[in-house]
file protein_7.pdb (PDB, C-alpha atoms)
ATOM      1  CA  MET H  76      97.589  72.610 104.091
ATOM      2  CA  ASP H  77      99.407  74.123 107.073
ATOM      3  CA  LYS H  78      97.765  73.778 110.453
ATOM      4  CA  PHE H  79      96.385  76.919 112.060
ATOM      5  CA  LYS H  80      96.621  76.985 115.836
ATOM      6  CA  ARG H  81      98.092  80.282 117.022
ATOM      7  CA  LEU H  82      98.959  83.266 114.856
ATOM      8  CA  GLU H  83     101.105  86.152 116.068
ATOM      9  CA  GLY H  84     102.144  89.188 114.078
ATOM     10  CA  ILE H  85     101.291  92.528 112.558
ATOM     11  CA  ALA H  86      97.668  93.400 111.792
ATOM     12  CA  ALA H  87      97.096  95.819 108.911
ATOM     13  CA  PRO H  88      94.069  98.147 108.886
ATOM     14  CA  LEU H  89      92.108  98.165 105.628
ATOM     15  CA  PRO H  90      89.044 100.333 106.385
ATOM     16  CA  MET H  91      87.287  99.709 103.073
ATOM     17  CA  ILE H  92      83.851  98.176 102.528
ATOM     18  CA  ASN H  93      82.873  95.918  99.620
ATOM     19  CA  VAL H  94      86.438  94.920  98.754
ATOM     20  CA  ASP H  95      85.782  92.545  95.877
ATOM     21  CA  THR H  96      87.854  89.669  94.549
ATOM     22  CA  ASP H  97      88.964  91.700  91.527
ATOM     23  CA  GLN H  98      90.520  94.230  93.903
ATOM     24  CA  ILE H  99      92.144  91.421  95.888
ATOM     25  CA  ILE H 100      93.612  89.814  92.753
ATOM     26  CA  PRO H 101      92.761  91.372  89.357
ATOM     27  CA  LYS H 102      91.591  89.205  86.483
ATOM     28  CA  GLN H 103      94.849  89.405  84.495
ATOM     29  CA  PHE H 104      96.561  87.289  87.163
ATOM     30  CA  LEU H 105      94.071  84.398  86.985
ATOM     31  CA  THR H 106      95.825  82.546  84.174
ATOM     32  CA  THR H 107      97.989  80.525  86.556
ATOM     33  CA  ILE H 108      96.949  77.472  88.543
ATOM     34  CA  GLU H 109     100.032  77.818  90.756
ATOM     35  CA  ARG H 110      99.325  79.028  94.292
ATOM     36  CA  SER H 111     102.738  80.633  94.700
ATOM     37  CA  GLY H 112     103.826  83.958  93.237
ATOM     38  CA  LEU H 113     100.471  85.719  93.542
ATOM     39  CA  GLY H 114     101.385  87.689  96.670
ATOM     40  CA  LYS H 115     103.207  90.357  94.669
ATOM     41  CA  SER H 116      99.963  91.048  92.780
ATOM     42  CA  LEU H 117      97.716  91.195  95.852
ATOM     43  CA  PHE H 118      95.619  94.413  95.749
ATOM     44  CA  PHE H 119      97.556  95.229  92.572
ATOM     45  CA  ASP H 120      95.633  98.335  91.501
ATOM     46  CA  LEU H 121      95.651  99.698  95.043
ATOM     47  CA  ARG H 122      99.331  98.973  95.670
ATOM     48  CA  TYR H 123     100.832 100.159  92.369
ATOM     49  CA  THR H 124     100.547 103.082  89.976
ATOM     50  CA  PRO H 125      99.867 102.356  86.262
ATOM     51  CA  ASP H 126     103.618 102.538  85.606
ATOM     52  CA  GLY H 127     104.379  99.966  88.316
ATOM     53  CA  ARG H 128     105.546 102.170  91.180
ATOM     54  CA  GLU H 129     104.343 101.510  94.720
ATOM     55  CA  ARG H 130     101.670 103.833  96.049
ATOM     56  CA  GLU H 131     103.104 105.208  99.280
ATOM     57  CA  ASP H 132      99.658 105.800 100.765
ATOM     58  CA  PHE H 133      98.547 102.149 100.574
ATOM     59  CA  VAL H 134      98.859 100.372 103.890
ATOM     60  CA  LEU H 135     100.653  97.232 102.672
ATOM     61  CA  ASN H 136     103.395  99.407 101.157
ATOM     62  CA  GLN H 137     104.172 100.924 104.554
ATOM     63  CA  LYS H 138     106.234  99.653 107.464
ATOM     64  CA  PRO H 139     105.459  97.587 109.491
ATOM     65  CA  TYR H 140     102.412  96.498 107.467
ATOM     66  CA  ARG H 141     104.525  95.045 104.677
ATOM     67  CA  ASP H 142     104.883  92.077 107.022
ATOM     68  CA  ALA H 143     101.202  91.853 108.013
ATOM     69  CA  VAL H 144      99.798  88.406 108.728
ATOM     70  CA  ILE H 145      96.325  89.711 109.648
ATOM     71  CA  LEU H 146      93.975  92.115 107.858
ATOM     72  CA  ILE H 147      91.316  94.159 109.657
ATOM     73  CA  ALA H 148      88.797  94.927 106.926
ATOM     74  CA  GLY H 149      85.397  96.483 106.272
ATOM     75  CA  ASP H 150      81.993  94.977 105.624
ATOM     76  CA  ASN H 151      81.335  92.474 102.811
ATOM     77  CA  PHE H 152      84.977  91.548 102.257
ATOM     78  CA  GLY H 153      85.626  89.237  99.298
ATOM     79  CA  CYS H 154      82.465  90.033  97.356
ATOM     80  CA  GLY H 155      82.296  89.888  93.563
ATOM     81  CA  SER H 156      83.178  87.023  91.260
ATOM     82  CA  SER H 157      84.172  83.630  92.575
ATOM     83  CA  ARG H 158      87.930  83.105  92.368
ATOM     84  CA  GLU H 159      90.045  80.914  94.604
ATOM     85  CA  HIS H 160      93.044  82.973  93.531
ATOM     86  CA  ALA H 161      91.915  85.608  96.071
ATOM     87  CA  PRO H 162      92.790  83.552  99.167
ATOM     88  CA  TRP H 163      95.822  82.187  97.301
ATOM     89  CA  ALA H 164      97.135  85.748  96.856
ATOM     90  CA  LEU H 165      96.490  86.645 100.487
ATOM     91  CA  LEU H 166      98.229  83.495 101.664
ATOM     92  CA  ASP H 167     101.215  83.978  99.374
ATOM     93  CA  PHE H 168     101.628  87.537 100.690
ATOM     94  CA  GLY H 169     101.645  86.126 104.229
ATOM     95  CA  VAL H 170      98.104  86.859 105.440
ATOM     96  CA  ARG H 171      96.659  83.955 107.464
ATOM     97  CA  ALA H 172      93.607  85.723 108.955
ATOM     98  CA  VAL H 173      91.091  88.375 107.914
ATOM     99  CA  ILE H 174      88.830  90.042 110.485
ATOM    100  CA  ALA H 175      85.722  91.826 109.174
ATOM    101  CA  PRO H 176      82.050  92.488 109.994
ATOM    102  CA  SER H 177      80.970  90.186 107.139
ATOM    103  CA  PHE H 178      82.314  88.212 104.191
ATOM    104  CA  ALA H 179      80.957  87.097 100.833
ATOM    105  CA  ASP H 180      79.946  83.440 101.170
ATOM    106  CA  ILE H 181      82.158  81.954  98.445
ATOM    107  CA  PHE H 182      85.243  83.838  99.585
ATOM    108  CA  TYR H 183      84.513  82.844 103.197
ATOM    109  CA  ASN H 184      84.334  79.162 102.249
ATOM    110  CA  ASN H 185      87.466  79.376 100.083
ATOM    111  CA  CYS H 186      89.431  80.777 103.017
ATOM    112  CA  PHE H 187      88.914  77.615 105.058
ATOM    113  CA  LYS H 188      89.897  75.456 102.088
ATOM    114  CA  ASN H 189      93.249  77.256 101.937
ATOM    115  CA  GLY H 190      94.192  77.602 105.609
ATOM    116  CA  ILE H 191      93.055  81.198 106.131
ATOM    117  CA  LEU H 192      90.927  82.083 109.153
ATOM    118  CA  PRO H 193      88.093  84.538 108.409
ATOM    119  CA  VAL H 194      86.772  86.053 111.646
ATOM    120  CA  THR H 195      83.405  87.797 111.767
ATOM    121  CA  LEU H 196      82.857  90.372 114.513
ATOM    122  CA  PRO H 197      80.358  93.181 115.198
ATOM    123  CA  GLN H 198      81.239  96.565 113.709
ATOM    124  CA  GLU H 199      81.916  98.032 117.152
ATOM    125  CA  GLN H 200      84.653  95.491 117.822
ATOM    126  CA  ILE H 201      86.027  95.884 114.291
ATOM    127  CA  ASP H 202      86.334  99.626 114.889
ATOM    128  CA  GLU H 203      88.242  98.997 118.116
ATOM    129  CA  LEU H 204      90.609  96.502 116.468
ATOM    130  CA  MET H 205      91.055  98.817 113.485
ATOM    131  CA  GLN H 206      92.152 101.576 115.841
ATOM    132  CA  GLN H 207      94.586  99.204 117.530
ATOM    133  CA  ALA H 208      96.026  98.157 114.161
ATOM    134  CA  GLU H 209      96.579 101.778 113.161
ATOM    135  CA  ASN H 210      98.749 102.347 116.261
ATOM    136  CA  ASN H 211     102.342 101.125 116.038
ATOM    137  CA  ASN H 212     102.309 100.439 119.775
ATOM    138  CA  SER H 213      99.371  98.031 119.564
ATOM    139  CA  ASN H 214      99.299  96.515 116.080
ATOM    140  CA  HIS H 215     100.879  93.222 117.128
ATOM    141  CA  PHE H 216      97.971  90.783 117.406
ATOM    142  CA  THR H 217      97.699  87.207 118.627
ATOM    143  CA  ILE H 218      94.913  84.943 117.408
ATOM    144  CA  ASP H 219      94.473  81.709 119.338
ATOM    145  CA  LEU H 220      92.163  79.402 117.414
ATOM    146  CA  GLU H 221      91.789  76.850 120.194
ATOM    147  CA  THR H 222      90.427  79.452 122.617
ATOM    148  CA  GLN H 223      88.875  81.522 119.788
ATOM    149  CA  THR H 224      90.361  84.761 121.061
ATOM    150  CA  ILE H 225      92.140  87.785 119.620
ATOM    151  CA  GLU H 226      94.603  89.630 121.845
ATOM    152  CA  THR H 227      96.437  92.902 121.337
ATOM    153  CA  PRO H 228      97.977  95.360 123.812
ATOM    154  CA  GLY H 229      95.629  97.726 125.584
ATOM    155  CA  ILE H 230      92.275  95.978 125.223
ATOM    156  CA  LYS H 231      90.573  92.935 126.693
ATOM    157  CA  PRO H 232      90.794  89.711 124.653
ATOM    158  CA  VAL H 233      88.108  89.553 121.969
ATOM    159  CA  ARG H 234      86.266  86.278 121.578
ATOM    160  CA  PHE H 235      84.908  85.120 118.224
ATOM    161  CA  ASP H 236      82.500  82.376 117.193
ATOM    162  CA  LEU H 237      83.342  79.652 114.697
ATOM    163  CA  GLU H 238      81.609  76.493 113.547
ATOM    164  CA  ALA H 239      83.195  73.488 115.280
ATOM    165  CA  ALA H 240      83.871  71.534 112.076
ATOM    166  CA  ARG H 241      85.598  74.469 110.380
ATOM    167  CA  LYS H 242      87.670  75.089 113.492
ATOM    168  CA  ASN H 243      88.795  71.470 113.572
ATOM    169  CA  HIS H 244      89.711  71.478 109.881
ATOM    170  CA  LEU H 245      91.981  74.492 110.397
ATOM    171  CA  LEU H 246      93.528  73.086 113.565
ATOM    172  CA  GLU H 247      94.294  69.815 111.775
ATOM    173  CA  GLY H 248      95.306  71.425 108.469
ATOM    174  CA  LEU H 249      92.618  69.619 106.485
ATOM    175  CA  ASP H 250      91.464  70.834 103.090
ATOM    176  CA  ASP H 251      88.705  69.036 101.131
ATOM    177  CA  ILE H 252      91.094  66.301  99.995
ATOM    178  CA  GLY H 253      92.450  65.853 103.507
ATOM    179  CA  ILE H 254      88.928  65.553 104.893
ATOM    180  CA  THR H 255      88.124  62.873 102.300
ATOM    181  CA  LEU H 256      91.329  60.947 103.024
ATOM    182  CA  GLN H 257      90.273  60.624 106.659
ATOM    183  CA  ARG H 258      87.834  58.024 105.311
ATOM    184  CA  GLU H 259      90.405  56.321 103.096
ATOM    185  CA  GLY H 260      89.954  52.955 104.820
ATOM    186  CA  ASP H 261      86.191  53.048 104.349
ATOM    187  CA  ILE H 262      86.602  54.066 100.707
ATOM    188  CA  ARG H 263      88.989  51.177 100.016
ATOM    189  CA  ALA H 264      86.683  48.720 101.778
ATOM    190  CA  PHE H 265      83.733  49.928  99.697
ATOM    191  CA  GLU H 266      85.697  49.581  96.456
ATOM    192  CA  GLU H 267      86.814  46.057  97.336
ATOM    193  CA  LYS H 268      83.276  45.042  98.264
ATOM    194  CA  ARG H 269      81.921  46.458  95.001
ATOM    195  CA  LYS H 270      84.518  44.555  92.981
ATOM    196  CA  THR H 271      83.346  41.336  94.604
ATOM    197  CA  GLU H 272      79.599  41.970  94.458
ATOM    198  CA  GLN H 273      79.490  43.862  91.143
ATOM    199  CA  PRO H 274      82.520  42.723  89.107
ATOM    200  CA  TRP H 275      80.915  43.915  85.848
ATOM    201  CA  ILE H 276      81.272  47.585  86.877
TER     202      ILE H 276
END

call {"tool": "encode", "arguments": {"input": "protein_7.pdb", "output": "structure tokens"}}
result
Amino acid sequence: MDKFKRLEGIAAPLPMINVDTDQIIPKQFLTTIERSGLGKSLFFDLRYTPDGREREDFVLNQKPYRDAVILIAGDNFGCGSSREHAPWALLDFGVRAVIAPSFADIFYNNCFKNGILPVTLPQEQIDELMQQAENNNSNHFTIDLETQTIETPGIKPVRFDLEAARKNHLLEGLDDIGITLQREGDIRAFEEKRKTEQPWI
């Protein structure tokens, strides 16, 4: 998993509440276990017409938001059924951070497992950042994970809270397997000791 330290780039405004995982990546794209290639299907029904043409009014089909690395979203982002394909699709599109008033728990946890930073902020600050993202003169954001701040032209840096362990895992690029392998020496020692003391197992 790639380390997350400092992210700079375009923030796209998505002022929708209750965006569920089926909107993020519809069920017909869940047949793959590959993490790559899902970005083109991100927000599929919102981005494309039934005959496959891009919807001009959807934000990620517009310049400069086609290159967004940050989403500013509404309340309860990532609700609905549990599917890790949702953060996979966001990541494959290029999104490394989502800022919202709240997230569904499973989606929130899956973000950290895949190197995406979900930032929770009060609605008042979300509204301010949403307005900044909608303005082409101020939609270039910088997120510094070490200082836990969001910066964009025209407003004071916004500070966000994050659990220390989750922050460290992102900074070090550790998914669940990486976290386990930090104890590889202890695991090997335990296995060797068990072989000696309980050879019948």

call {"tool": "atom_distance", "arguments": {"input": "protein_7.pdb", "atom1": "CA of Pro101 (chain H)", "atom2": "CA of Phe178 (chain H)"}}
result
18.4 Å

call {"tool": "resolve_selection", "arguments": {"input": "protein_7.pdb", "expression": "the PyMOL selection byres ((chain H and resi 238) around 12)", "output": "ChimeraX atom specification"}}
result
/H:184,187,192-195,220,223,235-237,239-245

call {"tool": "closest_residue", "arguments": {"input": "protein_7.pdb", "among": "H:Ile100, H:Asn151, H:Lys188, H:Asp142", "to": "Leu165 (chain H)", "atoms": "all atoms listed in the file"}}
result
H:Ile100

call {"tool": "closest_residue", "arguments": {"input": "protein_7.pdb", "among": "H:Gln206, H:Thr224, H:Thr96, H:Thr271", "to": "Phe182 (chain H)", "atoms": "all atoms listed in the file"}}
result
H:Thr96

call {"tool": "axis_aligned_box", "arguments": {"input": "protein_7.pdb", "around": "region 104-117 of chain H", "padding_each_side": "8 Å", "output": "lines of an AutoDock Vina configuration file"}}
result
center_x = 98.9
center_y = 84.3
center_z = 90.4
size_x = 25.8
size_y = 29.7
size_z = 28.5

call {"tool": "resolve_selection", "arguments": {"input": "protein_7.pdb", "expression": "the PyMOL selection byres ((chain H and resi 176) around 6)", "output": "VMD selection string"}}
result
chain H and resid 150 175 177 195 to 198

call {"tool": "atom_distance", "arguments": {"input": "protein_7.pdb", "atom1": "CA of Ile145 (chain H)", "atom2": "CA of Arg171 (chain H)"}}
result
6.2 Å

call {"tool": "closest_residue", "arguments": {"input": "protein_7.pdb", "among": "H:Asp202, H:Glu159, H:Glu272, H:Glu129", "to": "Ile181 (chain H)", "atoms": "only C-alpha atoms"}}
result
H:Glu159

call {"tool": "closest_residue", "arguments": {"input": "protein_7.pdb", "among": "H:Thr106, H:Thr227, H:Met76, H:Gly153", "to": "Asn189 (chain H)", "atoms": "all atoms listed in the file"}}
result
H:Met76

call {"tool": "resolve_selection", "arguments": {"input": "protein_7.pdb", "expression": "the PyMOL selection byres ((chain H and resi 80) around 6)", "output": "PyMOL selection string"}}
result
chain H and resi 79+81+220+246

call {"tool": "closest_residue", "arguments": {"input": "protein_7.pdb", "among": "H:His160, H:Cys186, H:Ala143, H:Glu221", "to": "Ile108 (chain H)", "atoms": "all atoms listed in the file"}}
result
H:His160

call {"tool": "atom_distance", "arguments": {"input": "protein_7.pdb", "atom1": "CA of Arg141 (chain H)", "atom2": "CA of Arg158 (chain H)"}}
result
23.9 Å

call {"tool": "decode", "arguments": {"input": "protein_7.pdb", "residues": "region 171-200 of chain H", "atoms": "N, CA, C and O atoms", "output": "compact mmCIF listing (two decimals), in the first residue's frame"}}
result
# COMPACT_ATOMS: atom_id res chain seq x y z
N ARG H 171 -7.53 9.96 -3.40
CA ARG H 171 -6.80 9.47 -2.22
C ARG H 171 -7.39 9.99 -0.91
O ARG H 171 -6.96 9.57 0.16
N ALA H 172 -8.38 10.90 -0.98
CA ALA H 172 -8.99 11.43 0.24
C ALA H 172 -10.43 11.81 -0.04
O ALA H 172 -10.76 12.31 -1.11
N VAL H 173 -11.29 11.56 0.96
CA VAL H 173 -12.69 11.98 0.91
C VAL H 173 -12.97 12.76 2.19
O VAL H 173 -12.64 12.30 3.28
N ILE H 174 -13.55 13.94 2.04
CA ILE H 174 -13.87 14.80 3.18
C ILE H 174 -15.38 14.91 3.26
O ILE H 174 -16.03 15.29 2.28
N ALA H 175 -15.96 14.56 4.42
CA ALA H 175 -17.41 14.55 4.56
C ALA H 175 -17.79 14.76 6.03
O ALA H 175 -16.95 14.57 6.92
N PRO H 176 -19.05 15.11 6.30
CA PRO H 176 -19.48 15.25 7.70
C PRO H 176 -19.51 13.92 8.44
O PRO H 176 -19.29 13.87 9.65
N SER H 177 -19.81 12.82 7.72
CA SER H 177 -19.81 11.50 8.34
C SER H 177 -19.69 10.43 7.27
O SER H 177 -19.97 10.68 6.08
N PHE H 178 -19.27 9.24 7.70
CA PHE H 178 -19.10 8.10 6.81
C PHE H 178 -19.79 6.88 7.41
O PHE H 178 -19.89 6.75 8.63
N ALA H 179 -20.20 5.96 6.55
CA ALA H 179 -20.64 4.65 7.03
C ALA H 179 -19.43 3.91 7.58
O ALA H 179 -18.33 4.00 7.03
N ASP H 180 -19.62 3.19 8.68
CA ASP H 180 -18.49 2.59 9.40
C ASP H 180 -17.65 1.65 8.55
O ASP H 180 -16.42 1.73 8.56
N ILE H 181 -18.30 0.74 7.81
CA ILE H 181 -17.54 -0.25 7.04
C ILE H 181 -16.74 0.43 5.94
O ILE H 181 -15.56 0.13 5.73
N PHE H 182 -17.36 1.36 5.25
CA PHE H 182 -16.63 2.09 4.20
C PHE H 182 -15.46 2.85 4.81
O PHE H 182 -14.35 2.85 4.25
N TYR H 183 -15.69 3.50 5.95
CA TYR H 183 -14.64 4.26 6.63
C TYR H 183 -13.44 3.37 6.94
O TYR H 183 -12.29 3.71 6.65
N ASN H 184 -13.70 2.19 7.49
CA ASN H 184 -12.62 1.26 7.81
C ASN H 184 -11.92 0.75 6.56
O ASN H 184 -10.69 0.61 6.53
N ASN H 185 -12.69 0.48 5.50
CA ASN H 185 -12.09 -0.01 4.26
C ASN H 185 -11.18 1.02 3.60
O ASN H 185 -10.22 0.66 2.92
N CYS H 186 -11.48 2.30 3.81
CA CYS H 186 -10.62 3.34 3.25
C CYS H 186 -9.19 3.21 3.79
O CYS H 186 -8.22 3.24 3.04
N PHE H 187 -9.06 3.07 5.10
CA PHE H 187 -7.74 2.97 5.70
C PHE H 187 -7.00 1.73 5.23
O PHE H 187 -5.78 1.74 5.09
N LYS H 188 -7.73 0.65 4.98
CA LYS H 188 -7.10 -0.59 4.53
C LYS H 188 -6.57 -0.49 3.10
O LYS H 188 -5.84 -1.36 2.65
N ASN H 189 -6.99 0.57 2.39
CA ASN H 189 -6.60 0.71 0.98
C ASN H 189 -5.85 2.01 0.69
O ASN H 189 -5.66 2.36 -0.47
N GLY H 190 -5.43 2.72 1.73
CA GLY H 190 -4.60 3.91 1.53
C GLY H 190 -5.36 5.17 1.20
O GLY H 190 -4.78 6.13 0.68
N ILE H 191 -6.67 5.20 1.50
CA ILE H 191 -7.47 6.40 1.31
C ILE H 191 -7.71 7.05 2.66
O ILE H 191 -8.02 6.36 3.64
N LEU H 192 -7.60 8.37 2.71
CA LEU H 192 -7.82 9.11 3.94
C LEU H 192 -9.25 9.65 3.97
O LEU H 192 -9.60 10.51 3.17
N PRO H 193 -10.10 9.15 4.89
CA PRO H 193 -11.42 9.75 5.07
C PRO H 193 -11.36 10.78 6.20
O PRO H 193 -10.95 10.47 7.31
N VAL H 194 -11.74 12.00 5.90
CA VAL H 194 -11.67 13.09 6.88
C VAL H 194 -13.08 13.50 7.27
O VAL H 194 -13.91 13.81 6.40
N THR H 195 -13.35 13.51 8.56
CA THR H 195 -14.65 13.92 9.07
C THR H 195 -14.55 15.33 9.64
O THR H 195 -13.69 15.60 10.48
N LEU H 196 -15.43 16.22 9.17
CA LEU H 196 -15.45 17.60 9.63
C LEU H 196 -16.89 18.04 9.88
O LEU H 196 -17.83 17.49 9.30
N PRO H 197 -17.09 19.06 10.72
CA PRO H 197 -18.44 19.61 10.91
C PRO H 197 -19.01 20.16 9.61
O PRO H 197 -18.26 20.58 8.72
N GLN H 198 -20.34 20.15 9.52
CA GLN H 198 -21.01 20.58 8.29
C GLN H 198 -20.60 21.99 7.88
O GLN H 198 -20.45 22.29 6.69
N GLU H 199 -20.41 22.87 8.84
CA GLU H 199 -20.04 24.25 8.54
C GLU H 199 -18.72 24.31 7.77
O GLU H 199 -18.58 25.07 6.80
N GLN H 200 -17.76 23.51 8.19
CA GLN H 200 -16.47 23.49 7.49
C GLN H 200 -16.58 22.79 6.15
O GLN H 200 -15.93 23.19 5.18
